[in-house]
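Asker: One structure, pasted below without further comment.
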Amino acid sequence: MGALDPEVAPWARGGAAGMAGAGAGAGARGGAAAGVEARARDPPPAHRAHPRHPRPAAQPSARRMDGASGGLGSGDNAPTTEALFVALGAGVTALSHPLLYVKLLIQVGHEPMPPTIGTNVLGRKVLYLPSFFTYAKYIVQVDGKIGLFRGLSPRLMSNALSTVTRGSMKKVFPPDEIEQVSNKDDMKTSLRKVVKETSYEMMMQCVSRMLAHPLHVISMRCMVQFVGREAKYSGVLSSIGKIFKEEGLLGFFVGLIPHLLGDVVFLWGCNLLAHFINAYLVDDSFSQALAIRSYTKFVMGIAVSMLTYPFLLVGDLMAVNNCGLQAGLPPYSPVFKSWIHCWKYLSVQGQLFRGSSLLFRRVSSGSCFALE
């Protein structure tokens with residue numbers, strides 16, 4: 001969302017809703033949230049917190065990766081470490097790209113195959129749309145195996161730019177001695193530290209998102225060309241020229257606002273929920289308190305990502321709307337005046353979570369498909 005993937009984290013952006021988290025598992029959102037959660041070592045018995053005041057989960061300072069304490073990014077090893085993060089991000093992005101590709105085609109409403117009749121848990125007949133695997137097989141039949149990686153190049157560049165930006169920002173704007181949440185802190189002090197850490201992460205995430213968004217737009221448009229079999233966006237440089245000529249500078253930032261809002265809501269929701277659960281619901285007297293606290297952030301990330309999925313959907317639809325491609329024009333999509341217009345339209349249609357599931361996809365009641 002770590003920022004291995006500026007689009008989304010595969011577990012975070014819908015993973016719980018159907019393995020569609022959208023991108024790299026430790027992506028921009030997942031990495032940014034996970035970067036502020038850890039567990040401090042238990043103090044000696046004399047300093048152990050009172051059972052009535054549970055200890056919040058310890059959260060490491062964002063400086064830790066910048067070499068302040070001689071860690072991974074310290075000294076002469078910093079460039080090498082950053083290169084390793086970029087390479088790791090590229091690998092995860094490439095492996096997860098077919099998942100994101102199929103997800104995007106479903107998001108724009110492209111359903112080239114008819115649904116099949118199945119039964120639900122109650123034994124009633126229902127219509128199921130093709131799963132990810134069936135959809136991916138169809139793409140291979142049309143474009144070959146290489147077709148599953150349409151739009152990968154600008155996405156790799158976007159992820160690399162996001163990772164480098166976050167690393168550079170930590171060097172230029174180091175956190176002001178962000179303190180690690182300690183098991184000796186009271187609730188007010190620990191909450192203040194969590195807010196400070198989350199604010200710093202939010203700043204880095206928003207800046208990296210804004211810088212990488214133009215490449216994200218190009219990647220989205222390259223992929224949805226599958227719908228109309230167009231070839232308008234073929235390369236990064238030529239795509240930059242086309243967008244600037246037809247839409248101006250603002251054309252590179254369509255869909256940015258819902259993405260930023262989704263990132264902000266995700267970060268604050270995930271970090272604050274995890275903090276309050278660890279502080280108030282997990283009692284130190286419980287033998288497995290340490291293990292529970294270590295997984296709280298991950299579980300909260302999945303839960304919050306389901307709630308913020310509509311921001312991802314609206315942002316991606318706006319990136320391809322009215323750009324001269326069939327996928328962004330009627331009948332696939334109306335021409336939206338703004339992202340709020342797009343949100344309201346999807347809400348009325350009951351489609352705010354379209355594409356959130358890639359395995360068990362039931363036909364909605366408003367669909368043109370019907371049981372015979």
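By convention here, the chains of the structure tokens are called A, B, ... in the order presented, each chain's residues are numbered starting at 1, and ligands are numbered starting at 1 in the order presented.
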If you run DSSP over the backbone, which residues in range 86-330 of chain A end up helix (DSSP H, G or I)? Put them as a PyMOL selection string.
Answerer: chain A and resi 86-107+132-143+145-149+152-172+187-228+236-247+249-253+256-281+289-320+326-328
Asker: Looking only at strand (DSSP E or B) from DSSP on the backbone, list the matching residues of range 65-313 of chain A as a list of chain:residue names.
Answerer: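 So the strand (DSSP E or B) residues in range 65-313 of chain A would be A:Thr116, A:Ile117, A:Gly118, A:Thr119, A:Lys125, A:Val126, A:Leu127, A:Tyr128, A:Leu129.
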Asker: Write to file, as a short mmCIF file (atom, residue, chain, number, x, y, z; two decimals), in the first residue's frame, the residues of the selection just made, with N, CA and C atoms.
Answerer:
```cif
data_model
loop_
_atom_site.label_atom_id
_atom_site.label_comp_id
_atom_site.auth_asym_id
_atom_site.auth_seq_id
_atom_site.Cartn_x
_atom_site.Cartn_y
_atom_site.Cartn_z
N THR A 116 -23.85 -18.97 -14.69
CA THR A 116 -24.24 -20.37 -14.60
C THR A 116 -25.19 -20.54 -13.42
N ILE A 117 -26.02 -21.58 -13.50
CA ILE A 117 -27.00 -21.85 -12.44
C ILE A 117 -26.36 -22.71 -11.36
N GLY A 118 -26.52 -22.28 -10.15
CA GLY A 118 -26.01 -23.05 -9.02
C GLY A 118 -27.01 -23.01 -7.88
N THR A 119 -26.63 -23.54 -6.76
CA THR A 119 -27.51 -23.55 -5.58
C THR A 119 -26.78 -22.90 -4.41
N LYS A 125 -31.99 -22.24 -6.24
CA LYS A 125 -31.23 -21.98 -7.45
C LYS A 125 -30.88 -20.50 -7.55
N VAL A 126 -29.62 -20.23 -7.84
CA VAL A 126 -29.16 -18.86 -8.01
C VAL A 126 -28.22 -18.81 -9.21
N LEU A 127 -28.04 -17.62 -9.75
CA LEU A 127 -27.12 -17.43 -10.87
C LEU A 127 -25.77 -16.95 -10.35
N TYR A 128 -24.71 -17.59 -10.82
CA TYR A 128 -23.36 -17.21 -10.44
C TYR A 128 -22.60 -16.74 -11.66
N LEU A 129 -21.94 -15.59 -11.52
CA LEU A 129 -21.07 -15.09 -12.58
C LEU A 129 -19.73 -15.81 -12.52
#
```
Asker: Please determine, counting only C-alpha atoms, which residue among A:Gly123, A:Gly315, A:Gly241, A:Pro79 has the shortest atom-to-atom distance to Leu256 in chain A.
Answerer: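 Closest to Leu256 in chain A of all the choices is A:Gly315.
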Asker: Considering only C-alpha atoms, state which residue in the set A:Arg192, A:Cys206, A:Phe336, A:Asn278 is at the smallest distance from Arg166 in chain A.
Answerer: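 Among A:Arg192, A:Cys206, A:Phe336, A:Asn278, it is A:Cys206 that comes nearest to Arg166 in chain A.
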Asker: Could you pull the residues within 8 Å of Ala212 in chain A, counting only C-alpha atoms, minus those fewer than 6 positions along the same chain, as JSON, numbers by chain?
Answerer: {"A": [6, 158, 159, 161, 162]}
Asker: Could you take the residues named above and write them with C-alpha atoms, as a short mmCIF file (atom, residue, chain, number, x, y, z; two decimals), in the first residue's frame?
Answerer:
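Written output follows (out27.cif):
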```
data_model
loop_
_atom_site.label_atom_id
_atom_site.label_comp_id
_atom_site.auth_asym_id
_atom_site.auth_seq_id
_atom_site.Cartn_x
_atom_site.Cartn_y
_atom_site.Cartn_z
CA PRO A 6 0.02 2.29 -4.24
CA SER A 158 3.97 3.60 -10.13
CA ASN A 159 4.86 1.21 -7.31
CA LEU A 161 7.94 5.68 -7.52
CA SER A 162 5.72 5.28 -4.46
#
```
Asker: Which residues are near range 243-254 of chain A? Cut-off 9 Å, only C-alpha atoms, ignore same chain within fewer than 5 positions. Put them as a list in words.
Answerer: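 Those residues are Met210, His213, Pro214, Leu215, His216, Val217, Ile218, Ser238, Gly315, Asp316, Met318, Ala319, Val320, Asn321, Cys323 and Trp339 of chain A.
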Asker: Write out the residues from the selection above, keeping N, CA, C and O atoms, as a CSV table (one decimal), in the first residue's frame.
Answerer:
```csv
chain,number,residue,atom,x,y,z
A,210,MET,N,-0.2,10.9,-4.5
A,210,MET,CA,-0.3,11.9,-5.5
A,210,MET,C,0.7,11.8,-6.6
A,210,MET,O,0.4,12.0,-7.8
A,213,HIS,N,0.0,8.7,-8.9
A,213,HIS,CA,-1.4,8.5,-9.4
A,213,HIS,C,-1.4,8.6,-11.0
A,213,HIS,O,-2.1,7.9,-11.6
A,214,PRO,N,-0.6,9.6,-11.6
A,214,PRO,CA,-0.7,9.6,-13.1
A,214,PRO,C,-0.3,8.3,-13.7
A,214,PRO,O,-1.0,7.9,-14.7
A,215,LEU,N,0.6,7.6,-13.2
A,215,LEU,CA,1.0,6.2,-13.7
A,215,LEU,C,-0.1,5.2,-13.4
A,215,LEU,O,-0.3,4.3,-14.2
A,216,HIS,N,-0.8,5.4,-12.3
A,216,HIS,CA,-1.9,4.5,-12.0
A,216,HIS,C,-3.0,4.7,-13.0
A,216,HIS,O,-3.6,3.7,-13.5
A,217,VAL,N,-3.3,5.9,-13.4
A,217,VAL,CA,-4.3,6.2,-14.4
A,217,VAL,C,-4.0,5.6,-15.7
A,217,VAL,O,-4.8,4.9,-16.4
A,218,ILE,N,-2.7,5.7,-16.1
A,218,ILE,CA,-2.3,5.1,-17.4
A,218,ILE,C,-2.5,3.6,-17.3
A,218,ILE,O,-2.9,2.9,-18.3
A,238,SER,N,3.8,7.7,-24.7
A,238,SER,CA,2.7,8.0,-25.7
A,238,SER,C,1.4,8.3,-24.9
A,238,SER,O,0.6,9.2,-25.3
A,315,GLY,N,-12.7,5.5,-7.4
A,315,GLY,CA,-11.5,6.1,-7.9
A,315,GLY,C,-11.1,5.4,-9.2
A,315,GLY,O,-10.7,6.1,-10.1
A,316,ASP,N,-11.2,4.1,-9.3
A,316,ASP,CA,-10.8,3.4,-10.5
A,316,ASP,C,-11.8,3.7,-11.6
A,316,ASP,O,-11.3,3.8,-12.8
A,318,MET,N,-13.5,6.4,-12.1
A,318,MET,CA,-13.3,7.8,-12.5
A,318,MET,C,-12.0,7.9,-13.4
A,318,MET,O,-11.9,8.7,-14.3
A,319,ALA,N,-11.0,7.0,-13.1
A,319,ALA,CA,-9.8,7.0,-13.9
A,319,ALA,C,-10.0,6.7,-15.3
A,319,ALA,O,-9.2,7.1,-16.2
A,320,VAL,N,-11.0,5.9,-15.6
A,320,VAL,CA,-11.3,5.4,-17.0
A,320,VAL,C,-12.5,6.0,-17.6
A,320,VAL,O,-12.9,5.8,-18.8
A,321,ASN,N,-13.2,6.9,-16.8
A,321,ASN,CA,-14.5,7.4,-17.3
A,321,ASN,C,-14.3,8.5,-18.3
A,321,ASN,O,-13.5,9.4,-18.2
A,323,CYS,N,-12.8,8.7,-21.2
A,323,CYS,CA,-11.5,8.9,-21.7
A,323,CYS,C,-11.3,8.5,-23.2
A,323,CYS,O,-10.2,8.4,-23.7
A,339,TRP,N,-16.7,12.6,-8.9
A,339,TRP,CA,-16.6,11.3,-8.2
A,339,TRP,C,-17.8,11.1,-7.3
A,339,TRP,O,-18.3,10.0,-7.0
```
Asker: Considering only C-alpha atoms, state which residue in the set A:Ser333, A:Gln288, A:Thr189, A:Ser199 is at the smallest distance from Tyr345 in chain A.
Answerer: A:Ser333
Asker: Extract, using only C-alpha atoms, all DNA, RNA and protein residues at most 7 Å from Asn322 in chain A, discarding same-chain residues fewer than 4 positions from it, and format them as a ChimeraX atom specification.
Answerer: /A:328-329,335
Asker: Write out the residues from the selection above, keeping C-alpha atoms, as a CSV table (one decimal), in the first residue's frame.
Answerer:
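Written file, part-v3.csv:
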```
chain,number,residue,atom,x,y,z
A,328,GLY,CA,-15.7,4.4,-19.8
A,329,LEU,CA,-18.7,5.3,-22.0
A,335,VAL,CA,-20.4,10.0,-18.1
```
